[in-house]
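Novice: This is the structure I have questions about; it appears just below.
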Amino acid sequence: MTSTASFWLVKSEPNTYAFADLQRDGRTVWDGVRNNVAALHLKAMKRGDQVLFYHSQIGLEVVGIAAVTREAFLDPSDTAGRFVAVELETVRALPRPVSLAEMKAAPALAEMAMLRLSRLSVSPVRPAEWSKILAMAGDAGG
């Protein structure tokens, strides 16, 4: 990861595609994003950017880390050709999941995009927020 890398958070319902599925597959095309703001975030992702993987609907917790391996390309699931996808690969599971309740209770995360704009499936994470979540998970970074 370079010093110019950005950090992101993606959400997936674990009964649709869980972090365990990404671990099994090694990498995946992150497609199906139809919200315009979330799609802009996908377009901003660069190869090597780090991504928190959040289980939505069931679990409500950050469970792992992925990395962008392919920057925005036309989403193969979008027949209209309007939206993009990226490719993600698994990096590692977090030693301990970080729940939504824990994140909401942490003052350092009060301005986190995911907490302010909870409906977005893709959102940016500031470096200090990234560090805080990894610390909460007991992840020493590798």
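Every chain in the structure tokens takes a letter, A first, then B, and so on in the order presented; its residues are numbered from 1, and the ligands are numbered from 1 following the presented order.
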Please provide the set of residues having any atom within 12 Å of Ala101 in chain A, restricted to only C-alpha atoms, with same-chain residues fewer than 6 positions apart removed, written as JSON, numbers by chain.
Specialist: {"A": [59, 60, 61, 62, 107, 109, 110, 115]}
Novice: Go ahead and write the selection's residues with C-alpha atoms as a JSON list (two decimals), in the first residue's frame.
Specialist:
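out_31.json, written as the output of this step:
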[["chain", "number", "residue", "atom", "x", "y", "z"],
["A", 59, "GLY", "CA", -24.51, -9.20, 12.07],
["A", 60, "LEU", "CA", -24.12, -5.43, 11.57],
["A", 61, "GLU", "CA", -20.35, -5.55, 11.97],
["A", 62, "VAL", "CA", -17.05, -4.97, 10.22],
["A", 107, "PRO", "CA", -16.54, 9.45, 19.63],
["A", 109, "LEU", "CA", -16.07, 7.70, 14.60],
["A", 110, "ALA", "CA", -18.89, 10.23, 15.07],
["A", 115, "LEU", "CA", -22.65, 6.29, 10.24]]
Novice: Skipping near chain neighbours, those fewer than 6 positions away, what residues fall within 10 Å of Ser56 in chain A using only C-alpha atoms, listed as a ChimeraX atom specification?
Specialist: /A:10-15,18,62,100,121
Novice: With N, CA and C atoms retained, write the just-selected residues as an mmCIF file, in the first residue's frame.
Specialist:
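Produced file again16.cif, reproduced below:
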data_model
loop_
_atom_site.group_PDB
_atom_site.id
_atom_site.type_symbol
_atom_site.label_atom_id
_atom_site.label_comp_id
_atom_site.auth_asym_id
_atom_site.auth_seq_id
_atom_site.Cartn_x
_atom_site.Cartn_y
_atom_site.Cartn_z
ATOM 1 N N VAL A 10 -17.253 -1.221 2.380
ATOM 2 C CA VAL A 10 -18.322 -1.771 1.544
ATOM 3 C C VAL A 10 -19.224 -2.620 2.425
ATOM 4 N N LYS A 11 -20.496 -2.630 2.068
ATOM 5 C CA LYS A 11 -21.484 -3.397 2.816
ATOM 6 C C LYS A 11 -22.023 -4.520 1.947
ATOM 7 N N SER A 12 -22.235 -5.660 2.579
ATOM 8 C CA SER A 12 -22.883 -6.769 1.902
ATOM 9 C C SER A 12 -23.696 -7.550 2.918
ATOM 10 N N GLU A 13 -24.861 -7.987 2.503
ATOM 11 C CA GLU A 13 -25.655 -8.855 3.365
ATOM 12 C C GLU A 13 -24.979 -10.222 3.362
ATOM 13 N N PRO A 14 -24.636 -10.758 4.544
ATOM 14 C CA PRO A 14 -23.887 -12.008 4.585
ATOM 15 C C PRO A 14 -24.626 -13.206 3.985
ATOM 16 N N ASN A 15 -25.963 -13.139 3.933
ATOM 17 C CA ASN A 15 -26.680 -14.245 3.296
ATOM 18 C C ASN A 15 -26.650 -14.135 1.772
ATOM 19 N N ALA A 18 -20.987 -13.073 1.856
ATOM 20 C CA ALA A 18 -20.315 -12.827 3.131
ATOM 21 C C ALA A 18 -18.804 -12.707 2.928
ATOM 22 N N VAL A 62 -18.202 -4.898 11.111
ATOM 23 C CA VAL A 62 -17.054 -4.965 10.217
ATOM 24 C C VAL A 62 -16.322 -6.256 10.556
ATOM 25 N N LEU A 100 -21.734 -2.411 14.790
ATOM 26 C CA LEU A 100 -22.284 -1.095 14.522
ATOM 27 C C LEU A 100 -22.481 -0.329 15.825
ATOM 28 N N SER A 121 -23.919 1.861 0.283
ATOM 29 C CA SER A 121 -23.260 0.552 0.328
ATOM 30 C C SER A 121 -21.750 0.652 0.137
#
Novice: Near Trp130 in chain A, within 9 Å and counting only C-alpha atoms, which residues show up once chain neighbours fewer than 4 positions away are dropped, as a PyMOL selection string?
Specialist: chain A and resi 7-8+52+125-126+134-135
Novice: Near Arg70 in chain A, within 9 Å and counting only C-alpha atoms, which residues show up once chain neighbours fewer than 5 positions away are dropped, as a VMD selection string?
Specialist: chain A and resid 29 45 to 48 85 to 88
Novice: Let's have the selection written as a short mmCIF file (atom, residue, chain, number, x, y, z; two decimals), in the first residue's frame, with N, CA and C atoms.
Specialist:
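Dumped to selection.cif:
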data_model
loop_
_atom_site.label_atom_id
_atom_site.label_comp_id
_atom_site.auth_asym_id
_atom_site.auth_seq_id
_atom_site.Cartn_x
_atom_site.Cartn_y
_atom_site.Cartn_z
N VAL A 29 -15.81 -9.59 -8.22
CA VAL A 29 -16.26 -8.35 -8.85
C VAL A 29 -17.31 -7.76 -7.92
N MET A 45 -12.13 4.63 -6.31
CA MET A 45 -11.23 3.60 -5.76
C MET A 45 -10.06 3.36 -6.70
N LYS A 46 -8.89 3.18 -6.09
CA LYS A 46 -7.67 2.91 -6.86
C LYS A 46 -7.09 1.57 -6.45
N ARG A 47 -6.37 0.98 -7.37
CA ARG A 47 -5.71 -0.30 -7.09
C ARG A 47 -4.84 -0.14 -5.84
N GLY A 48 -4.97 -1.07 -4.91
CA GLY A 48 -4.21 -1.04 -3.67
C GLY A 48 -4.94 -0.40 -2.50
N ALA A 85 -18.24 -1.27 -11.61
CA ALA A 85 -17.88 -2.25 -10.59
C ALA A 85 -16.38 -2.12 -10.36
N VAL A 86 -15.88 -2.71 -9.29
CA VAL A 86 -14.45 -2.84 -9.05
C VAL A 86 -14.20 -4.30 -8.70
N GLU A 87 -12.93 -4.67 -8.69
CA GLU A 87 -12.58 -6.01 -8.24
C GLU A 87 -11.89 -5.90 -6.89
N LEU A 88 -12.30 -6.76 -5.97
CA LEU A 88 -11.71 -6.80 -4.63
C LEU A 88 -11.11 -8.16 -4.37
#
Novice: What's the separation between CA of Ala5 in chain A and CA of Met103 in chain A, in Å to one decimal place?
Specialist: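 Taking CA of Ala5 in chain A and CA of Met103 in chain A, their separation equals 22.7 Å.
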Novice: Which residues are close to Gly138 in chain A, i.e. within 10 Å by only C-alpha atoms, leaving aside same-chain residues fewer than 3 positions away? Reply as a ChimeraX atom specification.
Specialist: /A:94-98,132-135,141
Novice: From the list A:Ala66, A:Gly26, A:Ala140, A:Gly32, which residue is nearest Gly81 in chain A when using only C-alpha atoms?
Specialist: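 Once distances to Gly81 in chain A are computed over only C-alpha atoms, the minimum belongs to A:Gly32.
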Novice: So, with only C-alpha atoms as the atoms that count, which of A:Asp78, A:Glu129, A:Asp21, A:Asp31 lies closest to Ala93 in chain A?
Specialist: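 That would be A:Asp21, the residue with the smallest distance to Ala93 in chain A.
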Novice: Mind checking DSSP for range 67-111 of chain A and telling me the strand (DSSP E) residues as an mmCIF file with N, CA and C atoms, in the first residue's frame?
Specialist:
data_model
loop_
_atom_site.group_PDB
_atom_site.id
_atom_site.type_symbol
_atom_site.label_atom_id
_atom_site.label_comp_id
_atom_site.auth_asym_id
_atom_site.auth_seq_id
_atom_site.Cartn_x
_atom_site.Cartn_y
_atom_site.Cartn_z
ATOM 1 N N ALA A 67 -8.895 -5.569 -0.535
ATOM 2 C CA ALA A 67 -8.116 -4.571 -1.263
ATOM 3 C C ALA A 67 -8.641 -4.483 -2.687
ATOM 4 N N VAL A 68 -8.557 -3.302 -3.256
ATOM 5 C CA VAL A 68 -8.960 -3.092 -4.643
ATOM 6 C C VAL A 68 -7.857 -3.633 -5.550
ATOM 7 N N THR A 69 -8.224 -4.539 -6.455
ATOM 8 C CA THR A 69 -7.247 -5.098 -7.393
ATOM 9 C C THR A 69 -7.493 -4.637 -8.827
ATOM 10 N N ARG A 70 -8.699 -4.133 -9.080
ATOM 11 C CA ARG A 70 -9.011 -3.606 -10.413
ATOM 12 C C ARG A 70 -9.913 -2.405 -10.229
ATOM 13 N N GLU A 71 -9.515 -1.302 -10.834
ATOM 14 C CA GLU A 71 -10.279 -0.059 -10.719
ATOM 15 C C GLU A 71 -11.546 -0.127 -11.558
ATOM 16 N N ALA A 72 -12.387 0.871 -11.398
ATOM 17 C CA ALA A 72 -13.721 0.903 -11.983
ATOM 18 C C ALA A 72 -13.751 0.495 -13.459
ATOM 19 N N PHE A 73 -14.700 -0.378 -13.760
ATOM 20 C CA PHE A 73 -14.983 -0.820 -15.120
ATOM 21 C C PHE A 73 -16.493 -0.982 -15.230
ATOM 22 N N LEU A 74 -17.017 -1.097 -16.426
ATOM 23 C CA LEU A 74 -18.463 -1.229 -16.601
ATOM 24 C C LEU A 74 -18.971 -2.443 -15.835
ATOM 25 N N VAL A 84 -20.670 1.225 -12.609
ATOM 26 C CA VAL A 84 -19.364 0.571 -12.621
ATOM 27 C C VAL A 84 -19.260 -0.460 -11.501
ATOM 28 N N ALA A 85 -18.242 -1.268 -11.608
ATOM 29 C CA ALA A 85 -17.877 -2.245 -10.589
ATOM 30 C C ALA A 85 -16.379 -2.121 -10.365
ATOM 31 N N VAL A 86 -15.884 -2.707 -9.290
ATOM 32 C CA VAL A 86 -14.448 -2.843 -9.050
ATOM 33 C C VAL A 86 -14.196 -4.303 -8.697
ATOM 34 N N GLU A 87 -12.929 -4.672 -8.688
ATOM 35 C CA GLU A 87 -12.581 -6.014 -8.237
ATOM 36 C C GLU A 87 -11.888 -5.903 -6.891
ATOM 37 N N LEU A 88 -12.297 -6.761 -5.966
ATOM 38 C CA LEU A 88 -11.713 -6.801 -4.629
ATOM 39 C C LEU A 88 -11.111 -8.161 -4.373
ATOM 40 N N GLU A 89 -10.043 -8.179 -3.576
ATOM 41 C CA GLU A 89 -9.474 -9.447 -3.119
ATOM 42 C C GLU A 89 -9.424 -9.430 -1.599
ATOM 43 N N THR A 90 -9.455 -10.616 -1.034
ATOM 44 C CA THR A 90 -9.394 -10.728 0.413
ATOM 45 C C THR A 90 -7.993 -10.381 0.912
ATOM 46 N N VAL A 91 -7.922 -9.699 2.031
ATOM 47 C CA VAL A 91 -6.657 -9.417 2.709
ATOM 48 C C VAL A 91 -6.589 -10.270 3.969
ATOM 49 N N ARG A 92 -7.532 -10.033 4.905
ATOM 50 C CA ARG A 92 -7.578 -10.851 6.120
ATOM 51 C C ARG A 92 -8.872 -10.583 6.874
ATOM 52 N N ALA A 93 -9.260 -11.566 7.658
ATOM 53 C CA ALA A 93 -10.374 -11.372 8.581
ATOM 54 C C ALA A 93 -9.855 -10.572 9.769
ATOM 55 N N LEU A 94 -10.715 -9.801 10.381
ATOM 56 C CA LEU A 94 -10.334 -9.089 11.600
ATOM 57 C C LEU A 94 -10.290 -10.079 12.758
ATOM 58 N N PRO A 95 -9.382 -9.868 13.716
ATOM 59 C CA PRO A 95 -9.312 -10.778 14.868
ATOM 60 C C PRO A 95 -10.642 -10.863 15.625
ATOM 61 N N ARG A 96 -11.352 -9.730 15.623
ATOM 62 C CA ARG A 96 -12.652 -9.675 16.275
ATOM 63 C C ARG A 96 -13.512 -8.687 15.501
ATOM 64 N N PRO A 97 -14.756 -9.053 15.191
ATOM 65 C CA PRO A 97 -15.633 -8.118 14.488
ATOM 66 C C PRO A 97 -15.886 -6.857 15.317
ATOM 67 N N VAL A 98 -16.129 -5.745 14.633
ATOM 68 C CA VAL A 98 -16.466 -4.483 15.288
ATOM 69 C C VAL A 98 -17.920 -4.181 14.932
ATOM 70 N N SER A 99 -18.771 -4.164 15.942
ATOM 71 C CA SER A 99 -20.209 -4.008 15.713
ATOM 72 C C SER A 99 -20.585 -2.556 15.415
#
Novice: I need the helix (DSSP H, G or I) residues of chain A per DSSP on the backbone, written as a CSV table (one decimal) with C-alpha atoms, in the first residue's frame.
Specialist:
chain,number,residue,atom,x,y,z
A,19,PHE,CA,-16.7,-12.1,3.9
A,20,ALA,CA,-16.3,-15.9,4.1
A,21,ASP,CA,-17.3,-16.1,0.5
A,22,LEU,CA,-14.7,-13.6,-0.5
A,23,GLN,CA,-12.1,-15.6,1.5
A,24,ARG,CA,-13.2,-18.7,-0.3
A,25,ASP,CA,-13.1,-17.0,-3.8
A,36,ASN,CA,-25.2,7.3,-7.7
A,37,VAL,CA,-23.2,8.5,-4.6
A,38,ALA,CA,-21.9,5.0,-3.9
A,39,ALA,CA,-21.1,4.6,-7.6
A,40,LEU,CA,-19.0,7.7,-7.4
A,41,HIS,CA,-17.1,6.2,-4.6
A,42,LEU,CA,-16.5,3.0,-6.7
A,43,LYS,CA,-15.1,5.3,-9.4
A,44,ALA,CA,-12.7,6.9,-7.0
A,100,LEU,CA,-22.3,-1.1,14.5
A,101,ALA,CA,-23.2,-0.3,18.1
A,102,GLU,CA,-19.5,-0.1,19.1
A,103,MET,CA,-18.8,2.2,16.1
A,104,LYS,CA,-21.7,4.5,17.1
A,105,ALA,CA,-20.4,4.6,20.6
A,107,PRO,CA,-16.5,9.5,19.6
A,108,ALA,CA,-13.6,9.2,17.2
A,109,LEU,CA,-16.1,7.7,14.6
A,113,ALA,CA,-19.5,8.6,6.4
A,114,MET,CA,-21.0,5.1,7.0
A,115,LEU,CA,-22.7,6.3,10.2
A,116,ARG,CA,-23.9,9.6,8.8
A,127,PRO,CA,-7.2,7.3,8.0
A,128,ALA,CA,-8.0,8.0,11.7
A,129,GLU,CA,-11.3,6.1,11.4
A,130,TRP,CA,-9.5,3.2,9.7
A,131,SER,CA,-6.9,3.1,12.5
A,132,LYS,CA,-9.6,3.3,15.2
A,133,ILE,CA,-11.7,0.4,13.7
A,134,LEU,CA,-8.6,-1.7,13.4
A,135,ALA,CA,-7.6,-0.9,17.0
A,136,MET,CA,-11.2,-1.8,18.2
A,137,ALA,CA,-10.8,-5.1,16.3
Novice: Please measure the separation of CA of Ser77 in chain A and CA of Gly64 in chain A, giving the value in Å to one decimal.
Specialist: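 CA of Gly64 in chain A lies 24.8 Å from CA of Ser77 in chain A.
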